[in-house]
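First up is the structure itself, then whatever we jot down about it.
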Amino acid sequence: MSAARALGRVEELAVGAVDADGLVAASLMCAGDLALAQGDVGAAVDAVGRGVHRAQRAGLHCLLPDAHTVMALGALRQGNTSVSLEFVEQLRDHALLGRTGDRPGQHAWAAAQLLEVQGGAKSAAHFIVGIVTDEQLLPDLLSSQPAAAAWLVRATRELGDASLARRVASEASGLAARNPGLRSIEAAAAHAGGLLDGRPDRLVAAGEAHLDPWAGASAHEDAGKLLSALGQERDRAVEILERAVDGYTNAGAPRDARRVVSRLRSLGVRRGRYPRSAGQGGANPGSLTETEAAVAELVSHGFTNSQVGGHLFISGHTVAFHLKKIFRKLNVTSRVELTRAWSRLAEEAAEPASTV
């Protein structure tokens with residue numbers, strides 16, 4: 001029986017049970033994890049959202065960190081900045097206050113990813129180093145979230161600590177050796193090792209082997225970046241990066257897809273429009289383009305032009321150009337007025353349509 005079918009049976013069996021809410025809440029959390037690993041972000045967020053309601057009704061607050069982790073990762077992949085900012089604080093509190101139940105590594109990793117998106121690896125250094133140097137957290141995280149291996153190798157190298165990167169790759173390799181035949185674990189080890197050794201061929205193989213579509217796209221992106229650094233490999237790099245864009249898009253991760261599209265454009269490849277981020281959908285009057293809506297969303301949350309450019313993979317000058325057009329279209333004259341107008345538009349978009 002597949003995992004999805006088994007989880008579906010839990011709700012049926014819970015009918016009439018004394019602890020029905022608790023059983024259903026736990027199964028919904030697992031269903032959310034499974035959906036996220038399969039690249040269905042919408043289904044993942046929906047499942048854990050329903051699980052939170054059941055868990056709160058049953059008084060099982062210990063399940064909330066798991067739900068917040070899935071919601072945070074879903075928001076991060078969808079490019080929903082406002083939700084990401086909210087969960088950064090919640091996950092930070094869960095991790096630092098010891099409210100992370102039996103999966104502290106996963107919660108800390110989710111928080112680290114969100115902080116890294118906001119301010120680079122240095123802003124998440126406390127979490128990154130804490131995970132990698134903990135003899136229990138690291139193996140637990142890599143066994144439950146194989147995609148974390150490559151992310152941690154990348155992050156520790158950005159911090160300038162090659163020894164930590166080697167530690168992660170070694171742990172991933174050892175985990176694969178102890179669990180032969182587990183495809184996700186083996187793909188994660190190949191991905192981490194390929195990054196550490198600078199082996200694009202190994203990264204491409206890892207991209208094909210990953211069961212998680214987001215992790216597969218990540219491996220292809222890493223391979224494309226290495227190949228593009230080799231002048232004679234440009235065509236191959238473009239091919240692999242195109243696969244990364246498609247993989248991220250299919251995994252419901254438009255923000256990651258936008259990053260790869262930006263790299264393709266630096267190689268002279270035009271790929272039409274950027275993939276649309278989920279966070280742009282709520283408050284977007286028809287007069288704004290998708291990029292303008294993304295800029296307005298980020299500016300309304302207090303980001304500078306440089307920070308907005310970093311999130312959207314465009315220059316600060318381009319952000320300023322879009323901002324001038326946004327001001328004109330929304331009839332505002334300052335960032336403060338834009339924030340108020342954008343908040344009002346978001347509230348109007350969230351209101352249910354009236355029925356006659």
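In the structure tokens, chains take the letters A, B, ... in the order shown, each chain's residues start at 1, and ligands count up from 1 in the order shown.
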For this session: Pick out the residues sitting within 10 Å of Thr339 (chain A), and hand them over as a list in words; count only C-alpha atoms, and ignore anything fewer than 6 positions along from it in its own chain.
Result: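 Those residues are Ala296, Glu297, Leu298, Val299, Ser300, His301, Gly302, Val332 and Leu345 of chain A.
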Could the residues in this selection be written to a file with all heavy atoms, as a PDB file, in the first residue's frame?
ATOM      1  N   ALA A 296       6.178  45.819  -6.225  1.00  0.00           N
ATOM      2  CA  ALA A 296       5.278  46.487  -5.279  1.00  0.00           C
ATOM      3  C   ALA A 296       5.111  45.670  -4.011  1.00  0.00           C
ATOM      4  O   ALA A 296       5.114  46.212  -2.895  1.00  0.00           O
ATOM      5  CB  ALA A 296       3.915  46.720  -5.933  1.00  0.00           C
ATOM      6  N   GLU A 297       4.994  44.357  -4.141  1.00  0.00           N
ATOM      7  CA  GLU A 297       4.838  43.473  -2.984  1.00  0.00           C
ATOM      8  C   GLU A 297       6.047  43.578  -2.055  1.00  0.00           C
ATOM      9  O   GLU A 297       5.915  43.740  -0.845  1.00  0.00           O
ATOM     10  CB  GLU A 297       4.669  42.024  -3.465  1.00  0.00           C
ATOM     11  CG  GLU A 297       4.825  40.959  -2.405  1.00  0.00           C
ATOM     12  CD  GLU A 297       3.605  40.802  -1.516  1.00  0.00           C
ATOM     13  OE1 GLU A 297       2.569  41.436  -1.800  1.00  0.00           O
ATOM     14  OE2 GLU A 297       3.700  40.064  -0.532  1.00  0.00           O
ATOM     15  N   LEU A 298       7.243  43.524  -2.635  1.00  0.00           N
ATOM     16  CA  LEU A 298       8.454  43.560  -1.820  1.00  0.00           C
ATOM     17  C   LEU A 298       8.691  44.932  -1.199  1.00  0.00           C
ATOM     18  O   LEU A 298       9.055  45.036  -0.026  1.00  0.00           O
ATOM     19  CB  LEU A 298       9.656  43.149  -2.672  1.00  0.00           C
ATOM     20  CG  LEU A 298       9.677  41.669  -3.096  1.00  0.00           C
ATOM     21  CD1 LEU A 298      10.710  41.438  -4.181  1.00  0.00           C
ATOM     22  CD2 LEU A 298       9.967  40.773  -1.903  1.00  0.00           C
ATOM     23  N   VAL A 299       8.474  45.981  -1.976  1.00  0.00           N
ATOM     24  CA  VAL A 299       8.652  47.335  -1.446  1.00  0.00           C
ATOM     25  C   VAL A 299       7.677  47.587  -0.303  1.00  0.00           C
ATOM     26  O   VAL A 299       8.014  48.227   0.692  1.00  0.00           O
ATOM     27  CB  VAL A 299       8.467  48.389  -2.562  1.00  0.00           C
ATOM     28  CG1 VAL A 299       8.369  49.804  -1.980  1.00  0.00           C
ATOM     29  CG2 VAL A 299       9.626  48.320  -3.548  1.00  0.00           C
ATOM     30  N   SER A 300       6.460  47.050  -0.417  1.00  0.00           N
ATOM     31  CA  SER A 300       5.462  47.261   0.635  1.00  0.00           C
ATOM     32  C   SER A 300       5.865  46.598   1.945  1.00  0.00           C
ATOM     33  O   SER A 300       5.343  46.932   3.005  1.00  0.00           O
ATOM     34  CB  SER A 300       4.092  46.716   0.191  1.00  0.00           C
ATOM     35  OG  SER A 300       4.073  45.300   0.176  1.00  0.00           O
ATOM     36  N   HIS A 301       6.818  45.664   1.875  1.00  0.00           N
ATOM     37  CA  HIS A 301       7.311  45.006   3.092  1.00  0.00           C
ATOM     38  C   HIS A 301       8.620  45.616   3.573  1.00  0.00           C
ATOM     39  O   HIS A 301       9.300  45.037   4.428  1.00  0.00           O
ATOM     40  CB  HIS A 301       7.471  43.505   2.854  1.00  0.00           C
ATOM     41  CG  HIS A 301       6.166  42.781   2.800  1.00  0.00           C
ATOM     42  ND1 HIS A 301       5.411  42.510   3.919  1.00  0.00           N
ATOM     43  CD2 HIS A 301       5.453  42.310   1.752  1.00  0.00           C
ATOM     44  CE1 HIS A 301       4.297  41.890   3.557  1.00  0.00           C
ATOM     45  NE2 HIS A 301       4.306  41.757   2.256  1.00  0.00           N
ATOM     46  N   GLY A 302       8.975  46.775   3.020  1.00  0.00           N
ATOM     47  CA  GLY A 302      10.119  47.516   3.536  1.00  0.00           C
ATOM     48  C   GLY A 302      11.455  47.209   2.900  1.00  0.00           C
ATOM     49  O   GLY A 302      12.486  47.689   3.380  1.00  0.00           O
ATOM     50  N   VAL A 332       0.411  57.129  -6.608  1.00  0.00           N
ATOM     51  CA  VAL A 332       1.053  57.394  -5.324  1.00  0.00           C
ATOM     52  C   VAL A 332       2.366  58.117  -5.596  1.00  0.00           C
ATOM     53  O   VAL A 332       2.891  58.083  -6.718  1.00  0.00           O
ATOM     54  CB  VAL A 332       1.311  56.092  -4.526  1.00  0.00           C
ATOM     55  CG1 VAL A 332       0.005  55.401  -4.188  1.00  0.00           C
ATOM     56  CG2 VAL A 332       2.242  55.153  -5.295  1.00  0.00           C
ATOM     57  N   LEU A 345      -5.260  47.092  -1.353  1.00  0.00           N
ATOM     58  CA  LEU A 345      -5.564  46.211  -2.483  1.00  0.00           C
ATOM     59  C   LEU A 345      -5.558  44.746  -2.050  1.00  0.00           C
ATOM     60  O   LEU A 345      -6.384  43.952  -2.509  1.00  0.00           O
ATOM     61  CB  LEU A 345      -4.544  46.434  -3.604  1.00  0.00           C
ATOM     62  CG  LEU A 345      -4.660  47.756  -4.364  1.00  0.00           C
ATOM     63  CD1 LEU A 345      -3.421  47.978  -5.225  1.00  0.00           C
ATOM     64  CD2 LEU A 345      -5.920  47.759  -5.235  1.00  0.00           C
TER      65      LEU A 345
END
Problem set entry | Interatomic distance (Å, one decimal) between CA of Ser170 (chain A) and CA of Ala190 (chain A) |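 For CA of Ser170 (chain A) relative to CA of Ala190 (chain A), the distance reads 10.8 Å.
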For this session: Would you list, as number ranges by chain, the residues of region 153-193 of chain A that end up in helix (DSSP H, G or I) under DSSP run on this structure's backbone?
Result: A: 153-158, 162-178, 183-193
For this session: Check the smallest atom-to-atom distance from each of A:Ala67, A:Asp197, A:Leu76, A:Ala25 to Ala55 (chain A) using only C-alpha atoms, then report the winner.
Result: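 Of A:Ala67, A:Asp197, A:Leu76, A:Ala25, the one nearest Ala55 (chain A), counting only C-alpha atoms, is A:Ala25.
If you count only C-alpha atoms and ignore residues fewer than 3 places along the chain from region 152-161 of chain A, what sits within 8 Å of it is A:Ala121, A:Lys122, A:Ala125, A:Ile128, A:Val129, A:Val132, A:Ala148, A:Ala149, A:Leu164, A:Ala165, A:Arg166, A:Val168, A:Ala169, A:Ala192, A:Leu195, A:Leu196.
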Exercise. Can you list, as a PyMOL selection string, every protein, DNA or RNA residue that comes within 12 Å of region 319-331 of chain A when you count only C-alpha atoms, leaving out same-chain residues fewer than 4 positions away?
Worked result: chain A and resi 284-300+303-315+335-342+344-345
